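*Asks:* Quick one: structure below, then a few questions.
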There are 2 protein chains.
Amino acid sequence: MKHQVNSRLNDIVSKIKKMGYSLTPQRLEIIKIVSESKSHPSAVDVYDKLRKAYPMISLNTVYKNLSLLSSIHEVKEIRTLQNSVHYDGDISLHGHAICEKCGRIIDVKIDESDFKGFFDAKIKENFKENYYINNYGLEFYGLCGLCYKETASD
Amino acid sequence: MKHQVNSRLNDIVSKIKKMGYSLTPQRLEIIKIVSESKSHPSAVDVYDKLRKAYPMISLNTVYKNLSLLSSIHEVKEIRTLQNSVHYDGDISLHGHAICEKCGRIIDVKIDESDFKGFFDAKIKENFKENYYINNYGLEFYGLCGLCYKETASD
DNA sequence: ATCTATATAATATTTATTATTATATAATAT
DNA sequence: ATATTATATAATAATAAATATTATATAGAT
């Protein structure tokens with residue numbers, strides 16, 4: 001498990017270097033935080049964690065780096081309600097369940113056969129001309145367990 | 001075709017009335033605009049169209065009404081890049097292809113069998129406990145035909 | 001060691017959205 | 001019909017996320 005996380009970190013780091021970006025301590029720390037996090041943090045969440053190691057870090061730096069990681073497709077942006085962006089360091093095939101009340105984001109399992117059977121079919125079906133797909137999103141909006149209970153007992 | 005659009009409009013209008021909301025001229029015009037539009041307009045886009053008929057309309061009124069329509073699930077919110085919300089008056093089963101460069105949103109066809117075969121399976125598989133799903137989202141991010149060409153010729 | 005490019009920090013600005021307040025309209029009761 | 005109450009809209013102000021700008025610092029190349 002730990003080994004998985006580390007190889008993921010190494011993947012990103014080597015890609016950063018290969019593409020000619022420099023690996024500053026701040027950048028490395030940001031990469032660590034998002035790649036190891038399971039909680040789909042916002043830029044401010046990342047910023048708050050960073051401040052422990054780098055109290056002088058600028059929020060702008062966080063945004064810049066998260067955008068960079070997003071542009072090289074090593075983190076995925078998730079847009080929930082209340083227009084704020086969350087970042088997912090797990091770029092493997094999966095969807096998200098987003099609670100419309102509390103904003104909680106839960107991973108939804110999708111396996112390779114799903115991709116072959118559904119996503120791939122949709123892409124082939126809908127994009128015959130030169131349309132280049134490099135990412136997908138699958139969301140289920142609703143009420144999470146806790147919020148569902150609350151609503152039910154109103 | 002025209003008949004389809006009108007029945008859609010009537011559906012929304014009667015739902016508005018049934019739920020006890022009043023049908024003001026401004027509200028009716030907003031409903032018309034979003035239900036007849038195929039271009040996934042933003043709040044400001046709707047506002048600009050509205051001003052032809054209602055020059056004194058307030059942007060806040062547009063936001064309030066679009067939120068209302070969204071809350072009763074008669075329009076769907078689409079979150080693209082560059083953090084702005086777009087509104088889709090077509091609530092039938094379909095996904096979106098979103099161009100990461102120009103922001104263009106194109107409908108992606110999904111049919112009932114897809115829903116039964118994929119969405120339903122994912123819901124059953126992932127949400128065994130009391131998690132209430134009332135909406136879904138399916139997006140393909142990439143480059144549209146035009147932007148793809150531009151990028152290719154760089 | 002100097003020069004150049006890139007990254008970060010501090011600050012200011014923009015933009016979308018929401019909140020507040022006042023006015024106007026609509027619905028209901030008198 | 002008029003008064004009363006609730007809801008909708010308009011005008012304005014405020015918030016908050018993200019971006020732009022500028023200055024400083026760091027890293028890599030010459």
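As shown in the structure tokens, the chain order sets the letters A, B, ...; within each chain, residues go from 1, and ligands are also counted from 1 in the order they appear.
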Can I get the residues of chain C within 12 Å of chain B, each with the closest pair of atoms and their distance in Å to one decimal, using only C-alpha atoms (C1' of nucleotides), sorted chain first then ascending number, as JSON lines?

*Replies:*
{"residue": "C:DT15", "atom": "C1'", "partner": "B:Ser84", "partner_atom": "CA", "distance": 9.5}
{"residue": "C:DA16", "atom": "C1'", "partner": "B:Ser84", "partner_atom": "CA", "distance": 6.7}
{"residue": "C:DT17", "atom": "C1'", "partner": "B:Tyr63", "partner_atom": "CA", "distance": 8.3}
{"residue": "C:DT18", "atom": "C1'", "partner": "B:Asn60", "partner_atom": "CA", "distance": 8.7}
{"residue": "C:DA19", "atom": "C1'", "partner": "B:Asn60", "partner_atom": "CA", "distance": 10.3}
{"residue": "C:DT20", "atom": "C1'", "partner": "B:Asn60", "partner_atom": "CA", "distance": 11.8}
{"residue": "C:DT25", "atom": "C1'", "partner": "B:Thr24", "partner_atom": "CA", "distance": 9.0}
{"residue": "C:DA26", "atom": "C1'", "partner": "B:Ser22", "partner_atom": "CA", "distance": 8.0}
{"residue": "C:DA27", "atom": "C1'", "partner": "B:Ser22", "partner_atom": "CA", "distance": 9.5}

*Asks:* Please give the complete set of residues from chain A that DSSP, run on the backbone, assigns to strand (DSSP E or B), formatted as a PyMOL selection string.

*Replies:* chain A and resi 42+76-79+85-88+94-99+105-109+132-143

*Asks:* Taking only C-alpha atoms into account and nothing else, which residues of chain B lie no more than 6 Å away from chain A? Please answer as number ranges by chain.

*Replies:* B: 130-145

*Asks:* Please, could you write that set of residues out with N, CA, C and O atoms as a PDB file, in the first residue's frame?

*Replies:*
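Done, and the output landed in selection.pdb:
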ATOM      1  N   ASN B 130     -28.206   3.614   2.912  1.00  0.00           N
ATOM      2  CA  ASN B 130     -29.145   4.661   2.538  1.00  0.00           C
ATOM      3  C   ASN B 130     -28.434   5.909   1.984  1.00  0.00           C
ATOM      4  O   ASN B 130     -28.173   6.866   2.696  1.00  0.00           O
ATOM      5  N   TYR B 131     -28.134   5.850   0.732  1.00  0.00           N
ATOM      6  CA  TYR B 131     -27.555   7.001   0.041  1.00  0.00           C
ATOM      7  C   TYR B 131     -28.540   7.311  -1.066  1.00  0.00           C
ATOM      8  O   TYR B 131     -28.857   6.460  -1.895  1.00  0.00           O
ATOM      9  N   TYR B 132     -29.035   8.538  -1.054  1.00  0.00           N
ATOM     10  CA  TYR B 132     -30.083   8.874  -2.008  1.00  0.00           C
ATOM     11  C   TYR B 132     -29.539   9.637  -3.216  1.00  0.00           C
ATOM     12  O   TYR B 132     -29.067  10.762  -3.091  1.00  0.00           O
ATOM     13  N   ILE B 133     -29.593   9.011  -4.375  1.00  0.00           N
ATOM     14  CA  ILE B 133     -29.110   9.625  -5.611  1.00  0.00           C
ATOM     15  C   ILE B 133     -30.283  10.281  -6.330  1.00  0.00           C
ATOM     16  O   ILE B 133     -31.300   9.653  -6.574  1.00  0.00           O
ATOM     17  N   ASN B 134     -30.148  11.554  -6.651  1.00  0.00           N
ATOM     18  CA  ASN B 134     -31.222  12.136  -7.455  1.00  0.00           C
ATOM     19  C   ASN B 134     -30.735  12.815  -8.735  1.00  0.00           C
ATOM     20  O   ASN B 134     -31.524  13.479  -9.415  1.00  0.00           O
ATOM     21  N   ASN B 135     -29.483  12.593  -9.030  1.00  0.00           N
ATOM     22  CA  ASN B 135     -28.960  13.199 -10.245  1.00  0.00           C
ATOM     23  C   ASN B 135     -27.616  12.564 -10.593  1.00  0.00           C
ATOM     24  O   ASN B 135     -26.968  11.976  -9.732  1.00  0.00           O
ATOM     25  N   TYR B 136     -27.229  12.683 -11.823  1.00  0.00           N
ATOM     26  CA  TYR B 136     -25.959  12.114 -12.244  1.00  0.00           C
ATOM     27  C   TYR B 136     -25.288  13.115 -13.179  1.00  0.00           C
ATOM     28  O   TYR B 136     -25.900  14.069 -13.662  1.00  0.00           O
ATOM     29  N   GLY B 137     -24.034  12.886 -13.431  1.00  0.00           N
ATOM     30  CA  GLY B 137     -23.313  13.715 -14.393  1.00  0.00           C
ATOM     31  C   GLY B 137     -22.321  12.850 -15.143  1.00  0.00           C
ATOM     32  O   GLY B 137     -21.678  11.989 -14.541  1.00  0.00           O
ATOM     33  N   LEU B 138     -22.245  13.055 -16.429  1.00  0.00           N
ATOM     34  CA  LEU B 138     -21.266  12.326 -17.231  1.00  0.00           C
ATOM     35  C   LEU B 138     -20.610  13.316 -18.166  1.00  0.00           C
ATOM     36  O   LEU B 138     -21.275  13.948 -18.973  1.00  0.00           O
ATOM     37  N   GLU B 139     -19.309  13.480 -17.997  1.00  0.00           N
ATOM     38  CA  GLU B 139     -18.601  14.452 -18.824  1.00  0.00           C
ATOM     39  C   GLU B 139     -17.398  13.819 -19.513  1.00  0.00           C
ATOM     40  O   GLU B 139     -16.728  12.957 -18.941  1.00  0.00           O
ATOM     41  N   PHE B 140     -17.180  14.279 -20.726  1.00  0.00           N
ATOM     42  CA  PHE B 140     -15.953  13.925 -21.429  1.00  0.00           C
ATOM     43  C   PHE B 140     -15.191  15.223 -21.660  1.00  0.00           C
ATOM     44  O   PHE B 140     -15.697  16.123 -22.327  1.00  0.00           O
ATOM     45  N   TYR B 141     -14.027  15.312 -21.080  1.00  0.00           N
ATOM     46  CA  TYR B 141     -13.215  16.514 -21.232  1.00  0.00           C
ATOM     47  C   TYR B 141     -12.177  16.289 -22.325  1.00  0.00           C
ATOM     48  O   TYR B 141     -11.591  15.223 -22.420  1.00  0.00           O
ATOM     49  N   GLY B 142     -11.981  17.303 -23.112  1.00  0.00           N
ATOM     50  CA  GLY B 142     -10.981  17.166 -24.167  1.00  0.00           C
ATOM     51  C   GLY B 142     -10.956  18.385 -25.055  1.00  0.00           C
ATOM     52  O   GLY B 142     -11.156  19.496 -24.590  1.00  0.00           O
ATOM     53  N   LEU B 143     -10.688  18.146 -26.314  1.00  0.00           N
ATOM     54  CA  LEU B 143     -10.624  19.239 -27.285  1.00  0.00           C
ATOM     55  C   LEU B 143     -11.673  19.023 -28.360  1.00  0.00           C
ATOM     56  O   LEU B 143     -11.744  17.951 -28.957  1.00  0.00           O
ATOM     57  N   CYS B 144     -12.485  20.052 -28.593  1.00  0.00           N
ATOM     58  CA  CYS B 144     -13.503  19.955 -29.635  1.00  0.00           C
ATOM     59  C   CYS B 144     -12.838  19.980 -31.010  1.00  0.00           C
ATOM     60  O   CYS B 144     -11.647  20.274 -31.121  1.00  0.00           O
ATOM     61  N   GLY B 145     -13.615  19.684 -32.029  1.00  0.00           N
ATOM     62  CA  GLY B 145     -13.103  19.616 -33.390  1.00  0.00           C
ATOM     63  C   GLY B 145     -12.241  20.797 -33.771  1.00  0.00           C
ATOM     64  O   GLY B 145     -11.119  20.618 -34.252  1.00  0.00           O
TER      65      GLY B 145
END

*Asks:* Determine, counting only C-alpha atoms (C1' of nucleotides), which protein, DNA and RNA residues have an atom within 10 Å of an atom of DA29 in chain D; residues of the same chain fewer than 5 positions away are not included. Present the result as a PyMOL selection string.

*Replies:* chain C and resi 3-5

*Asks:* Could you list, with a cut-off of 9 Å and counting only C-alpha atoms (C1' of nucleotides), the residues of chain D near chain B, each shown with its nearest atom pair and the distance in Å rounded to one decimal, rows sorted by chain and ascending number, as JSON lines?

*Replies:*
{"residue": "D:DT7", "atom": "C1'", "partner": "B:Ser22", "partner_atom": "CA", "distance": 8.0}
{"residue": "D:DA8", "atom": "C1'", "partner": "B:Thr24", "partner_atom": "CA", "distance": 7.8}
{"residue": "D:DT9", "atom": "C1'", "partner": "B:Thr61", "partner_atom": "CA", "distance": 6.4}
{"residue": "D:DA10", "atom": "C1'", "partner": "B:Ser58", "partner_atom": "CA", "distance": 5.8}
{"residue": "D:DA11", "atom": "C1'", "partner": "B:Ser58", "partner_atom": "CA", "distance": 8.0}
{"residue": "D:DA17", "atom": "C1'", "partner": "B:Asn83", "partner_atom": "CA", "distance": 8.9}
{"residue": "D:DA18", "atom": "C1'", "partner": "B:Asn83", "partner_atom": "CA", "distance": 8.6}

*Asks:* Let's have the selection written as a short mmCIF file (atom, residue, chain, number, x, y, z; two decimals), in the first residue's frame, with all heavy atoms.

*Replies:*
data_model
loop_
_atom_site.label_atom_id
_atom_site.label_comp_id
_atom_site.auth_asym_id
_atom_site.auth_seq_id
_atom_site.Cartn_x
_atom_site.Cartn_y
_atom_site.Cartn_z
P DT D 7 -44.61 33.23 1.66
OP1 DT D 7 -45.02 31.81 1.54
OP2 DT D 7 -43.60 33.67 2.64
"O5'" DT D 7 -44.14 33.70 0.21
"C5'" DT D 7 -45.06 33.66 -0.88
"C4'" DT D 7 -44.56 34.55 -1.99
"O4'" DT D 7 -44.59 35.94 -1.58
"C3'" DT D 7 -43.11 34.28 -2.41
"O3'" DT D 7 -43.12 33.92 -3.77
"C2'" DT D 7 -42.39 35.59 -2.14
"C1'" DT D 7 -43.52 36.60 -2.19
N1 DT D 7 -43.29 37.87 -1.46
C2 DT D 7 -43.40 39.06 -2.15
O2 DT D 7 -43.67 39.13 -3.33
N3 DT D 7 -43.18 40.19 -1.39
C4 DT D 7 -42.87 40.24 -0.04
O4 DT D 7 -42.70 41.32 0.51
C5 DT D 7 -42.78 38.98 0.62
C7 DT D 7 -42.44 38.92 2.07
C6 DT D 7 -42.99 37.85 -0.10
P DA D 8 -41.75 33.75 -4.60
OP1 DA D 8 -41.99 32.72 -5.63
OP2 DA D 8 -40.63 33.61 -3.63
"O5'" DA D 8 -41.63 35.16 -5.31
"C5'" DA D 8 -42.67 35.59 -6.18
"C4'" DA D 8 -42.16 36.72 -7.07
"O4'" DA D 8 -42.08 37.94 -6.28
"C3'" DA D 8 -40.78 36.49 -7.65
"O3'" DA D 8 -40.79 36.93 -9.01
"C2'" DA D 8 -39.85 37.31 -6.78
"C1'" DA D 8 -40.76 38.44 -6.26
N9 DA D 8 -40.48 38.84 -4.88
C8 DA D 8 -40.33 38.03 -3.79
N7 DA D 8 -40.11 38.69 -2.67
C5 DA D 8 -40.11 40.02 -3.06
C6 DA D 8 -39.93 41.21 -2.33
N6 DA D 8 -39.70 41.25 -1.01
N1 DA D 8 -40.00 42.37 -3.02
C2 DA D 8 -40.24 42.34 -4.34
N3 DA D 8 -40.43 41.27 -5.13
C4 DA D 8 -40.34 40.13 -4.41
P DT D 9 -39.50 36.98 -9.83
OP1 DT D 9 -39.87 36.77 -11.24
OP2 DT D 9 -38.49 36.13 -9.18
"O5'" DT D 9 -39.07 38.49 -9.66
"C5'" DT D 9 -39.92 39.52 -10.17
"C4'" DT D 9 -39.32 40.87 -9.85
"O4'" DT D 9 -39.15 40.98 -8.42
"C3'" DT D 9 -37.95 41.13 -10.48
"O3'" DT D 9 -38.06 42.33 -11.24
"C2'" DT D 9 -37.01 41.27 -9.29
"C1'" DT D 9 -37.95 41.69 -8.18
N1 DT D 9 -37.55 41.37 -6.78
C2 DT D 9 -37.38 42.41 -5.88
O2 DT D 9 -37.53 43.57 -6.17
N3 DT D 9 -37.02 42.01 -4.61
C4 DT D 9 -36.84 40.71 -4.16
O4 DT D 9 -36.53 40.49 -2.99
C5 DT D 9 -37.04 39.69 -5.15
C7 DT D 9 -36.86 38.25 -4.77
C6 DT D 9 -37.37 40.06 -6.40
P DA D 10 -36.83 42.81 -12.10
OP1 DA D 10 -37.37 43.52 -13.29
OP2 DA D 10 -35.87 41.71 -12.26
"O5'" DA D 10 -36.19 43.91 -11.15
"C5'" DA D 10 -37.00 44.99 -10.69
"C4'" DA D 10 -36.14 46.01 -9.96
"O4'" DA D 10 -35.88 45.55 -8.61
"C3'" DA D 10 -34.79 46.30 -10.59
"O3'" DA D 10 -34.61 47.71 -10.57
"C2'" DA D 10 -33.79 45.57 -9.69
"C1'" DA D 10 -34.49 45.55 -8.34
N9 DA D 10 -34.26 44.37 -7.50
C8 DA D 10 -34.23 43.05 -7.88
N7 DA D 10 -34.05 42.20 -6.89
C5 DA D 10 -33.95 43.02 -5.77
C6 DA D 10 -33.75 42.74 -4.40
N6 DA D 10 -33.62 41.51 -3.91
N1 DA D 10 -33.70 43.80 -3.55
C2 DA D 10 -33.84 45.03 -4.05
N3 DA D 10 -34.03 45.42 -5.31
C4 DA D 10 -34.08 44.36 -6.13
P DA D 11 -33.34 48.36 -11.17
OP1 DA D 11 -33.74 49.65 -11.78
OP2 DA D 11 -32.61 47.35 -11.97
"O5'" DA D 11 -32.48 48.68 -9.87
"C5'" DA D 11 -33.07 49.45 -8.83
"C4'" DA D 11 -32.06 49.60 -7.70
"O4'" DA D 11 -32.03 48.38 -6.93
"C3'" DA D 11 -30.63 49.85 -8.17
"O3'" DA D 11 -30.09 50.94 -7.44
"C2'" DA D 11 -29.91 48.55 -7.87
"C1'" DA D 11 -30.69 48.02 -6.68
N9 DA D 11 -30.65 46.57 -6.54
C8 DA D 11 -30.65 45.62 -7.54
N7 DA D 11 -30.61 44.39 -7.10
C5 DA D 11 -30.56 44.52 -5.72
C6 DA D 11 -30.51 43.59 -4.68
N6 DA D 11 -30.48 42.27 -4.87
N1 DA D 11 -30.49 44.06 -3.41
C2 DA D 11 -30.51 45.38 -3.21
N3 DA D 11 -30.56 46.37 -4.11
C4 DA D 11 -30.59 45.86 -5.36
P DA D 17 -13.68 30.66 -0.52
OP1 DA D 17 -14.12 29.46 0.21
OP2 DA D 17 -12.58 31.49 0.01
"O5'" DA D 17 -13.31 30.23 -2.00
"C5'" DA D 17 -14.36 29.91 -2.91
"C4'" DA D 17 -13.87 30.17 -4.31
"O4'" DA D 17 -13.75 31.60 -4.50
"C3'" DA D 17 -12.51 29.57 -4.60
"O3'" DA D 17 -12.59 28.89 -5.84
"C2'" DA D 17 -11.57 30.78 -4.66
"C1'" DA D 17 -12.51 31.90 -5.08
N9 DA D 17 -12.14 33.24 -4.60
C8 DA D 17 -11.78 33.61 -3.34
N7 DA D 17 -11.52 34.90 -3.22
C5 DA D 17 -11.73 35.39 -4.49
C6 DA D 17 -11.63 36.69 -5.04
N6 DA D 17 -11.27 37.76 -4.33
N1 DA D 17 -11.91 36.84 -6.35
C2 DA D 17 -12.28 35.77 -7.06
N3 DA D 17 -12.41 34.51 -6.67
C4 DA D 17 -12.11 34.39 -5.36
P DA D 18 -11.37 28.01 -6.35
OP1 DA D 18 -11.94 26.93 -7.16
OP2 DA D 18 -10.47 27.70 -5.22
"O5'" DA D 18 -10.63 29.02 -7.32
"C5'" DA D 18 -11.38 29.53 -8.43
"C4'" DA D 18 -10.63 30.68 -9.04
"O4'" DA D 18 -10.50 31.75 -8.09
"C3'" DA D 18 -9.21 30.36 -9.51
"O3'" DA D 18 -9.20 30.52 -10.92
"C2'" DA D 18 -8.33 31.39 -8.79
"C1'" DA D 18 -9.34 32.47 -8.39
N9 DA D 18 -8.99 33.24 -7.21
C8 DA D 18 -8.79 32.78 -5.93
N7 DA D 18 -8.51 33.72 -5.06
C5 DA D 18 -8.53 34.88 -5.82
C6 DA D 18 -8.32 36.23 -5.50
N6 DA D 18 -8.01 36.64 -4.27
N1 DA D 18 -8.43 37.15 -6.51
C2 DA D 18 -8.73 36.71 -7.74
N3 DA D 18 -8.96 35.48 -8.17
C4 DA D 18 -8.84 34.60 -7.15
#

*Asks:* Find the distance between CA of Lys32 in chain A and CA of His94 in chain A and write it in Å to one decimal.

*Replies:*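 Separating CA of Lys32 in chain A from CA of His94 in chain A is a distance of 20.6 Å.
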
*Asks:* Could you find all residues in range 68-117 of chain B that DSSP calls alpha helix (DSSP H) from the backbone, and write them as a PyMOL selection string?

*Replies:* chain B and resi 68-71+112-114

*Asks:* Output C-alpha atoms of each residue in that selection to a file, as a JSON list (two decimals), in the first residue's frame.

*Replies:*
[["chain", "number", "residue", "atom", "x", "y", "z"],
["B", 68, "LEU", "CA", -35.17, 27.63, -8.05],
["B", 69, "LEU", "CA", -35.42, 25.68, -11.30],
["B", 70, "SER", "CA", -32.37, 23.70, -10.32],
["B", 71, "SER", "CA", -33.77, 22.93, -6.87],
["B", 112, "GLU", "CA", -32.19, 4.07, -21.60],
["B", 113, "SER", "CA", -30.33, 0.81, -22.08],
["B", 114, "ASP", "CA", -27.12, 2.59, -21.12]]

*Asks:* So that I can see what lies close to DT22 in chain D, please list as a ChimeraX atom specification the residues with an atom at most 12 Å from it, counting only C-alpha atoms (C1' of nucleotides) and leaving out residues fewer than 2 positions away in the same chain.

*Replies:* /C:9-12 /D:20,24

*Asks:* Could you tell me how far CA of Ser14 in chain A lies from CA of Asp111 in chain A, in Å and to one decimal?

*Replies:*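 Separation between CA of Ser14 in chain A and CA of Asp111 in chain A: 26.7 Å.
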